[in-house]
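*Asks:* Structure file final04.txt (compact mmCIF, C-alpha atoms) right here:
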# COMPACT_ATOMS: atom_id res chain seq x y z
CA MET U 1 168.24 -233.75 26.83
CA ALA U 2 170.54 -233.26 29.71
CA GLY U 3 173.37 -234.10 27.35
CA ASP U 4 172.23 -231.43 24.86
CA ARG U 5 172.17 -228.81 27.60
CA ASP U 6 175.66 -229.75 28.84
CA THR U 7 176.99 -229.68 25.29
CA LEU U 8 175.59 -226.19 24.70
CA LEU U 9 176.94 -224.96 28.02
CA SER U 10 180.37 -226.36 27.16
CA MET U 11 180.23 -224.33 23.96
CA GLY U 12 180.04 -221.13 26.04
CA PHE U 13 176.33 -220.25 25.73
CA ASP U 14 174.53 -218.58 28.62
CA PRO U 15 172.53 -221.11 30.74
CA SER U 16 169.31 -219.08 30.62
CA ARG U 17 169.50 -218.79 26.83
CA VAL U 18 170.23 -222.53 26.54
CA ASP U 19 167.10 -223.34 28.57
CA TRP U 20 165.08 -220.94 26.40
CA ALA U 21 166.36 -222.59 23.20
CA LEU U 22 165.56 -226.10 24.45
CA ARG U 23 162.03 -225.07 25.48
CA ALA U 24 161.42 -223.23 22.20
CA THR U 25 162.54 -226.24 20.13
CA SER U 26 160.59 -228.69 22.33
CA HIS U 27 163.85 -230.55 23.13
CA ARG U 28 164.05 -231.91 19.59
CA GLY U 29 167.85 -232.20 19.74
CA LEU U 30 171.14 -230.35 19.68
CA GLN U 31 170.94 -228.98 16.13
CA PRO U 32 167.55 -227.20 16.47
CA ALA U 33 168.58 -225.69 19.81
CA MET U 34 171.87 -224.39 18.33
CA ASP U 35 169.99 -222.92 15.36
CA HIS U 36 167.63 -221.14 17.77
CA LEU U 37 170.51 -219.74 19.83
CA LEU U 38 172.29 -218.33 16.79
CA GLU U 39 169.13 -216.96 15.17
CA HIS U 40 167.89 -215.24 18.35
CA GLU U 41 171.28 -214.13 19.64
CA GLY U 42 171.04 -210.73 21.35
CA GLU U 43 167.24 -210.88 21.73
CA PRO U 44 165.80 -210.57 25.24
CA ILE U 45 164.75 -213.79 26.94
CA PRO U 46 160.95 -214.03 27.46
CA GLU U 47 159.67 -213.92 31.04
CA ALA U 48 159.02 -217.23 32.80
CA SER U 49 155.32 -216.38 33.27
CA ALA U 50 154.88 -215.64 29.58
CA SER U 51 156.49 -218.88 28.52
CA GLY U 52 155.14 -221.06 31.31
CA GLY U 53 152.23 -222.47 29.32
CA SER U 54 154.26 -223.10 26.22
CA SER U 55 156.98 -224.67 28.37
CA LEU U 56 154.50 -227.19 29.76
CA VAL U 57 153.25 -228.02 26.28
CA SER U 58 156.81 -228.37 25.14
CA GLU U 59 157.58 -230.79 27.92
CA ILE U 60 154.52 -232.91 27.05
CA THR U 61 155.37 -232.82 23.37
CA ALA U 62 158.92 -233.78 24.13
CA GLN U 63 157.72 -236.82 26.09
CA SER U 64 155.33 -237.93 23.31
CA THR U 65 157.70 -237.17 20.44
CA PRO U 66 160.86 -239.21 20.13
CA ALA U 67 163.95 -237.02 20.37
CA MET U 68 166.28 -236.59 17.46
CA ASP U 69 168.97 -239.18 17.40
CA VAL U 70 172.02 -237.24 18.52
CA ASP U 71 174.28 -240.04 17.44
CA GLY U 72 174.47 -238.10 14.23
CA ASP U 73 176.97 -235.86 15.94
CA ASP U 74 179.40 -238.74 16.05
CA ASP U 75 178.90 -239.21 12.31
CA ASP U 76 179.56 -235.51 11.78
CA ALA U 77 182.71 -235.73 13.84
CA GLU U 78 183.82 -238.72 11.80
CA ALA U 79 183.18 -236.79 8.60
CA LEU U 80 185.11 -233.84 10.00
CA ARG U 81 188.02 -236.16 10.80
CA HIS U 82 188.01 -237.22 7.20
CA LEU U 83 188.06 -233.58 6.14
CA ILE U 84 191.00 -232.80 8.40
CA GLY U 85 192.90 -235.73 6.92
CA LYS U 86 196.39 -236.28 8.15
CA LYS U 87 196.06 -233.87 11.05
CA GLY U 88 194.75 -236.71 13.19
CA PRO U 89 191.45 -237.52 14.95
CA VAL U 90 189.45 -234.72 16.51
CA SER U 91 187.25 -236.70 18.82
CA ALA U 92 186.89 -235.63 22.45
CA ALA U 93 189.29 -238.30 23.67
CA ALA U 94 191.88 -237.51 21.02
CA THR U 95 191.61 -233.79 21.69
CA ALA U 96 192.13 -234.36 25.40
CA GLY U 97 195.26 -236.41 24.65
CA ASP U 98 196.68 -233.85 22.24
CA VAL U 99 197.61 -230.81 24.33
CA GLU U 100 198.65 -228.70 21.35
CA ALA U 101 195.30 -228.88 19.51
CA LYS U 102 193.17 -226.25 21.26
CA SER U 103 190.80 -225.38 18.41
CA ILE U 104 189.73 -226.24 14.85
CA ARG U 105 190.38 -223.78 11.98
CA CYS U 106 188.55 -223.61 8.67
CA SER U 107 191.20 -223.56 5.93
CA VAL U 108 188.80 -221.84 3.51
CA CYS U 109 187.75 -218.74 5.51
CA GLY U 110 190.22 -218.88 8.40
CA LYS U 111 187.60 -218.93 11.18
CA THR U 112 188.53 -220.76 14.39
CA PHE U 113 186.09 -222.92 16.37
CA LYS U 114 186.27 -224.15 19.91
CA ASN U 115 185.10 -227.76 19.29
CA THR U 116 183.88 -230.16 16.62
CA VAL U 117 180.22 -229.27 17.12
CA LEU U 118 180.78 -225.66 16.06
CA ALA U 119 183.03 -226.77 13.22
CA ASN U 120 180.34 -229.21 11.95
CA TYR U 121 177.71 -226.48 12.12
CA HIS U 122 179.96 -224.12 10.15
CA ALA U 123 180.57 -226.82 7.52
CA GLU U 124 176.81 -227.38 7.09
CA LYS U 125 176.00 -223.67 6.78
CA SER U 126 178.91 -222.57 4.60
CA GLY U 127 179.70 -225.71 2.61
CA HIS U 128 183.37 -225.45 3.51
CA ASP U 129 185.05 -228.84 3.61
CA GLN U 130 188.67 -228.13 4.60
CA PHE U 131 189.56 -227.97 8.30
CA GLU U 132 192.71 -228.34 10.38
CA GLU U 133 193.67 -228.47 14.04
CA SER U 134 195.00 -225.24 15.58
CA THR U 135 196.97 -224.37 18.70
CA GLU U 136 195.14 -221.04 19.02
CA GLU U 137 192.96 -220.84 22.12
CA VAL U 138 189.46 -219.54 21.44
CA ASN U 139 188.06 -217.17 24.06
CA GLN U 140 184.77 -216.43 22.41
CA LEU U 141 182.23 -214.59 24.50
CA LEU U 142 178.67 -215.42 23.56
CA GLY U 143 175.25 -214.39 24.69
CA SER U 144 174.96 -211.51 27.14
CA HIS U 145 178.74 -211.09 27.30
CA ARG U 146 178.67 -209.36 23.93
CA TYR U 147 176.81 -206.48 25.52
CA ASN U 148 179.84 -206.01 27.74
CA ASP U 149 181.96 -205.72 24.58
CA VAL U 150 179.69 -202.90 23.38
CA ASP U 151 179.99 -201.15 26.75
CA THR U 152 183.75 -201.57 26.67
CA ALA U 153 183.93 -200.07 23.19
CA GLY U 154 181.86 -197.07 24.37
CA LYS U 155 184.12 -196.62 27.38
CA LYS U 156 187.18 -196.77 25.14
CA ALA U 157 185.68 -194.10 22.87
CA LYS U 158 184.95 -191.85 25.84
CA LEU U 159 188.45 -192.45 27.16
CA ALA U 160 189.94 -191.52 23.79
CA GLU U 161 187.84 -188.33 23.75
CA LEU U 162 188.97 -187.42 27.25
CA GLN U 163 192.57 -188.04 26.25
CA GLN U 164 192.18 -185.71 23.26
CA LYS U 165 190.73 -183.01 25.51
CA LEU U 166 193.58 -183.49 27.96
CA VAL U 167 196.12 -183.13 25.15
CA ALA U 168 194.40 -179.93 23.99
CA LYS U 169 194.41 -178.53 27.54
CA ARG U 170 198.07 -179.38 27.92
CA ALA U 171 198.82 -177.59 24.64
CA ASP U 172 196.93 -174.51 25.84
CA LEU U 173 198.77 -174.64 29.16
CA ASN U 174 202.13 -174.87 27.39
CA LYS U 175 201.18 -171.89 25.22
CA ILE U 176 200.27 -169.84 28.29
CA LYS U 177 203.54 -170.81 29.96
CA GLU U 178 205.50 -169.73 26.88
CA GLU U 179 203.70 -166.38 26.79
CA LEU U 180 204.40 -165.79 30.48
CA LYS U 181 208.03 -166.74 29.95
CA ALA U 182 208.32 -164.28 27.05
CA LYS U 183 206.81 -161.50 29.17
CA GLU U 184 209.20 -162.29 32.01
CA MET U 185 212.14 -162.15 29.59
CA ILE U 186 210.99 -158.76 28.26
CA LYS U 187 210.56 -157.48 31.80
CA GLU U 188 214.02 -158.70 32.80
CA ALA U 189 215.56 -157.08 29.70
CA GLU U 190 213.91 -153.74 30.54
CA GLN U 191 215.08 -154.02 34.14
CA LYS U 192 218.64 -154.70 32.98
CA ARG U 193 218.56 -151.71 30.62
CA LYS U 194 217.31 -149.50 33.44
CA GLU U 195 219.97 -150.77 35.81
CA LYS U 196 222.62 -150.19 33.15
CA ALA U 197 221.42 -146.60 32.61
CA ASP U 198 221.36 -145.98 36.37
CA ASP U 199 224.89 -147.36 36.67
CA ALA U 200 226.05 -145.05 33.87
CA LYS U 201 224.49 -142.05 35.60
CA ALA U 202 226.02 -143.04 38.92
CA ARG U 203 229.46 -143.43 37.32
CA ALA U 204 229.11 -140.04 35.63
CA ALA U 205 228.10 -138.42 38.92
CA ILE U 206 231.02 -140.03 40.73
CA LYS U 207 233.41 -138.90 38.02
CA ALA U 208 232.07 -135.34 38.21
CA GLN U 209 232.38 -135.40 41.99
CA ILE U 210 235.96 -136.58 41.72
CA GLU U 211 236.77 -133.77 39.30
CA ALA U 212 235.06 -131.24 41.55
CA ASP U 213 237.01 -132.52 44.56
CA LYS U 214 240.27 -132.26 42.63
CA LYS U 215 239.46 -128.70 41.63
CA ALA U 216 238.41 -127.79 45.16
CA ARG U 217 241.62 -129.21 46.60
CA ALA U 218 243.65 -127.26 44.05
CA GLU U 219 241.81 -124.04 44.90
CA LYS U 220 242.24 -124.68 48.60
CA ALA U 221 245.96 -125.27 48.14
CA ALA U 222 246.21 -122.05 46.12
CA ARG U 223 244.36 -120.08 48.79
CA GLU U 224 246.54 -121.47 51.56
CA LYS U 225 249.66 -120.61 49.58
CA ALA U 226 248.38 -117.10 48.95
CA LEU U 227 247.60 -116.65 52.65
CA ARG U 228 251.08 -117.81 53.60
CA GLU U 229 252.65 -115.42 51.11
CA GLY U 230 250.34 -112.56 52.07
CA LYS U 231 248.84 -112.31 48.62
CA SER U 232 245.19 -111.87 47.72
CA ILE U 233 243.31 -114.97 46.61
CA VAL U 234 242.23 -114.92 42.99
CA ASP U 235 240.29 -117.94 41.59
CA GLY U 236 240.69 -118.95 38.01
CA GLN U 237 237.00 -119.00 37.18
CA SER U 238 236.11 -115.62 38.67
CA GLU U 239 239.33 -113.73 38.13
CA SER U 240 237.62 -111.28 35.86
CA ASN U 241 234.67 -111.04 38.26
CA ASN U 242 237.00 -110.41 41.18
CA THR U 243 238.85 -107.76 39.21
CA THR U 244 235.59 -106.09 38.31
CA SER U 245 234.30 -106.35 41.87
CA SER U 246 237.53 -104.94 43.26
CA SER U 247 237.56 -102.04 40.85
CA VAL U 248 233.91 -101.31 41.55
CA ALA U 249 234.47 -101.52 45.30
CA VAL U 250 237.48 -99.23 45.12
CA ALA U 251 235.61 -96.81 42.93
CA SER U 252 232.62 -96.78 45.21
CA SER U 253 234.74 -96.31 48.33
CA SER U 254 236.85 -93.62 46.77
CA SER U 255 233.90 -91.76 45.42
CA GLY U 256 232.00 -92.08 48.68
CA VAL U 257 228.84 -93.08 46.87
CA ALA U 258 228.78 -96.53 48.63
CA GLY U 259 226.49 -97.95 45.94
CA LYS U 260 223.43 -96.03 46.92
CA ASP U 261 222.21 -95.94 43.33
CA PHE U 262 222.07 -99.78 42.94
CA LYS U 263 218.77 -101.47 43.86
CA ASP U 264 220.08 -105.06 43.52
CA THR U 265 223.35 -106.69 44.50
CA ARG U 266 224.88 -109.69 42.70
CA LEU U 267 226.76 -112.00 45.07
CA GLN U 268 229.08 -114.94 44.50
CA ILE U 269 229.50 -117.06 47.64
CA ARG U 270 232.33 -119.60 47.84
CA LEU U 271 232.80 -122.22 50.52
CA ALA U 272 236.12 -122.29 52.35
CA SER U 273 236.09 -126.10 52.02
CA GLY U 274 235.89 -125.81 48.23
CA GLY U 275 233.31 -126.82 45.69
CA THR U 276 231.10 -125.06 43.19
CA PRO U 277 230.38 -121.40 44.11
CA TYR U 278 226.80 -120.20 44.57
CA THR U 279 225.59 -117.10 42.71
CA THR U 280 222.50 -115.08 43.55
CA THR U 281 221.03 -111.60 43.18
CA LEU U 282 219.43 -109.98 46.21
CA PRO U 283 217.96 -106.53 46.86
CA SER U 284 220.57 -104.10 48.15
CA ASP U 285 218.48 -103.63 51.30
CA SER U 286 218.83 -107.36 52.18
CA THR U 287 220.93 -108.14 55.23
CA LEU U 288 223.93 -110.39 55.54
CA HIS U 289 221.69 -112.73 57.54
CA ASP U 290 219.57 -113.18 54.39
CA VAL U 291 222.75 -114.20 52.55
CA ALA U 292 223.49 -116.77 55.30
CA GLU U 293 219.98 -118.24 54.94
CA PHE U 294 220.47 -118.50 51.17
CA VAL U 295 223.74 -120.40 51.54
CA ALA U 296 222.29 -122.70 54.25
CA ALA U 297 219.44 -123.56 51.89
CA GLN U 298 221.94 -124.63 49.23
CA THR U 299 224.13 -126.98 51.31
CA LEU U 300 224.01 -128.79 54.63
CA LEU U 301 227.61 -127.81 55.36
CA VAL U 302 226.52 -124.29 56.34
CA ASN U 303 224.58 -123.39 59.49
CA VAL U 304 222.91 -119.98 59.70
CA ASP U 305 223.89 -119.48 63.34
CA THR U 306 227.56 -120.41 62.95
CA VAL U 307 228.52 -119.33 59.44
CA SER U 308 230.95 -116.44 58.93
CA PHE U 309 231.76 -114.37 55.84
CA THR U 310 235.01 -112.79 54.69
CA GLN U 311 235.94 -110.61 51.73
CA HIS U 312 239.35 -110.70 50.08
CA SER U 313 239.26 -107.48 48.11
CA PRO U 314 239.20 -105.33 50.07
CA ARG U 315 240.16 -107.81 52.80
CA LYS U 316 237.50 -107.80 55.47
CA THR U 317 235.93 -110.20 57.98
CA PHE U 318 232.30 -109.61 58.90
CA SER U 319 231.27 -110.01 62.56
CA ARG U 320 227.93 -111.26 63.85
CA THR U 321 226.79 -107.66 64.38
CA ASP U 322 227.21 -107.07 60.64
CA PHE U 323 224.56 -109.74 59.91
CA ASN U 324 221.83 -107.19 60.72
CA LYS U 325 223.22 -104.60 58.30
CA SER U 326 222.14 -104.28 54.69
CA LEU U 327 224.36 -105.10 51.73
CA ARG U 328 224.39 -101.40 50.84
CA GLU U 329 225.61 -100.46 54.31
CA LEU U 330 228.35 -103.08 54.14
CA GLY U 331 229.56 -101.68 50.79
CA LEU U 332 228.81 -104.94 48.88
CA THR U 333 226.83 -103.30 46.09
CA PRO U 334 226.57 -103.64 43.17
CA SER U 335 228.47 -106.99 43.34
CA ALA U 336 230.81 -108.82 45.64
CA VAL U 337 232.56 -112.12 46.29
CA LEU U 338 232.18 -113.64 49.79
CA ILE U 339 233.92 -116.62 51.38
CA ALA U 340 231.64 -118.66 53.73
CA SER U 341 233.27 -120.73 56.44
Could you spell out this file's structure in structure tokens?
*Replies:*
Amino acid sequence: MAGDRDTLLSMGFDPSRVDWALRATSHRGLQPAMDHLLEHEGEPIPEASASGGSSLVSEITAQSTPAMDVDGDDDDAEALRHLIGKKGPVSAAATAGDVEAKSIRCSVCGKTFKNTVLANYHAEKSGHDQFEESTEEVNQLLGSHRYNDVDTAGKKAKLAELQQKLVAKRADLNKIKEELKAKEMIKEAEQKRKEKADDAKARAAIKAQIEADKKARAEKAAREKALREGKSIVDGQSESNNTTSSSVAVASSSSGVAGKDFKDTRLQIRLASGGTPYTTTLPSDSTLHDVAEFVAAQTLLVNVDTVSFTQHSPRKTFSRTDFNKSLRELGLTPSAVLIAS
């Protein structure tokens, strides 16, 4: 009996299941115990208390009943050697001497067995009669180890599911990144268009300023030349206005009316440093100080307290006392051209 238990353990069966099989078969031999193990594989092992009585009966029956002659296994092995044929003996001693033969393969169905006992059992159950030695190493897990295989399969399934979820999340993350990148590109394009438009405006303003400076320098040079030659200064843009203003001023002075009939006065103020002239219409009762405040509000180059005004036609320079006089009193109605410096 001890030999049957060792044989079953060497076949890879769990010790507790081997003991259960031997008790259940009343130690009648190796074949009944192996049949019990294979038929009840995966079933839970009964508790020791539940099987205690039957175990005692089994022990007594085993003592009174002669055990099956296990020498039949040697006959089975001999028969299996005959089936293998020229592949050589498959006894335990021969297998130990042959390092290459690690298992026995059924040539009919291709199943591989760890030793001759399992091969004999397969031959009896299936009727297959063609076997050969194999170098394949059998790592067959029996008994409770198969539950570990089930757990491993479940873990692999969960792992595969988690991997699929991770792939989906990565795809969503890549999509979000692409959308953000597209938005950034649109934003950068808009910023570039805005910068380009601002640069164009700045270039246009600089060009206009350059043209204005050129014109102002030309007018200044013309004025200086006219002053050196003792001629009156006449600007190209307001030549007609100056002519009209001069004629009106002469007419008003000669007639002695002094523009008393005009309620408003139209003024054109030019800066001595050049630039675009400023035009405004003020009541004839406004003072020259009001004109100075108007010009100071238009440019930072003019200060109300220090600015001075001159008139070319007729040629006249206004003093600080004239700042309190009205435009009508100064003979600037209905229109006049003043130079601010």
*Asks:* Between U:Trp20, U:Thr7, U:Ala226, U:Glu188, which is the closest to Leu118 of chain U once you count only C-alpha atoms?
*Replies:*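 Looking at the shortest contact to Leu118 of chain U, the residue is U:Thr7.
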*Asks:* Could the centre and edge lengths of an axis-aligned box, enclosing all atoms of segment 306-318 of chain U in the file with 6 Å extra on each side, be given in Å to one decimal as lines of an AutoDock Vina configuration file?
*Replies:*
center_x = 233.9
center_y = -112.9
center_z = 55.5
size_x = 24.6
size_y = 27.1
size_z = 26.8
*Asks:* List the spatial neighbours of segment 277-291 of chain U as a count of residues only - criterion: any atom at most 7 Å away, only C-alpha atoms, same-chain residues fewer than 3 positions off excluded.
*Replies:* 20
*Asks:* Of the candidates U:Lys187, U:Gly12, U:Ala216, U:Asp4, which one gets nearest to His27 of chain U if we count all atoms listed in the file?
*Replies:* U:Asp4
*Asks:* Measure the distance from atom CA of Ser107 of chain U to atom CA of Ala123 of chain U in Å and round it to one decimal.
*Replies:*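 About the pair atom CA of Ser107 of chain U and atom CA of Ala123 of chain U: they are 11.2 Å apart.
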*Asks:* Atom CA of Arg17 of chain U to atom CA of Pro44 of chain U: how many Å, to one decimal?
*Replies:* 9.2 Å
*Asks:* Considering all atoms listed in the file, return as JSON, numbers by chain whatever protein or nucleic-acid residues lie within 12 Å of Thr317 of chain U, sequence-local ones (same chain, fewer than 5 positions apart) excluded.
*Replies:* {"U": [307, 308, 309, 310, 311, 312, 322, 323, 330, 338, 339, 340, 341]}
*Asks:* Atom CA of Lys214 of chain U and atom CA of Leu300 of chain U, how far apart in Å?
*Replies:*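 Answer for the atom CA of Leu300 of chain U to atom CA of Lys214 of chain U separation: 20.5 Å.
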*Asks:* Mind checking which residues fall within 10 Å of Lys215 of chain U, counting only C-alpha atoms, ignoring those fewer than 5 positions away in the same chain, and posting them as a tab-separated table (two decimals) with C-alpha atoms, in the coordinates of the input?
*Replies:*
chain	number	residue	atom	x	y	z
U	209	GLN	CA	232.38	-135.40	41.99
U	210	ILE	CA	235.96	-136.58	41.72
U	220	LYS	CA	242.24	-124.68	48.60
U	221	ALA	CA	245.96	-125.27	48.14
U	274	GLY	CA	235.89	-125.81	48.23
U	275	GLY	CA	233.31	-126.82	45.69
U	276	THR	CA	231.10	-125.06	43.19
*Asks:* Give the answer as one residue: which of U:Lys181, U:Glu293, U:Gln298, U:Asp261 has the shortest atom-to-atom distance to Pro334 of chain U, using all atoms listed in the file?
*Replies:*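 Result for the nearest residue to Pro334 of chain U: U:Asp261.
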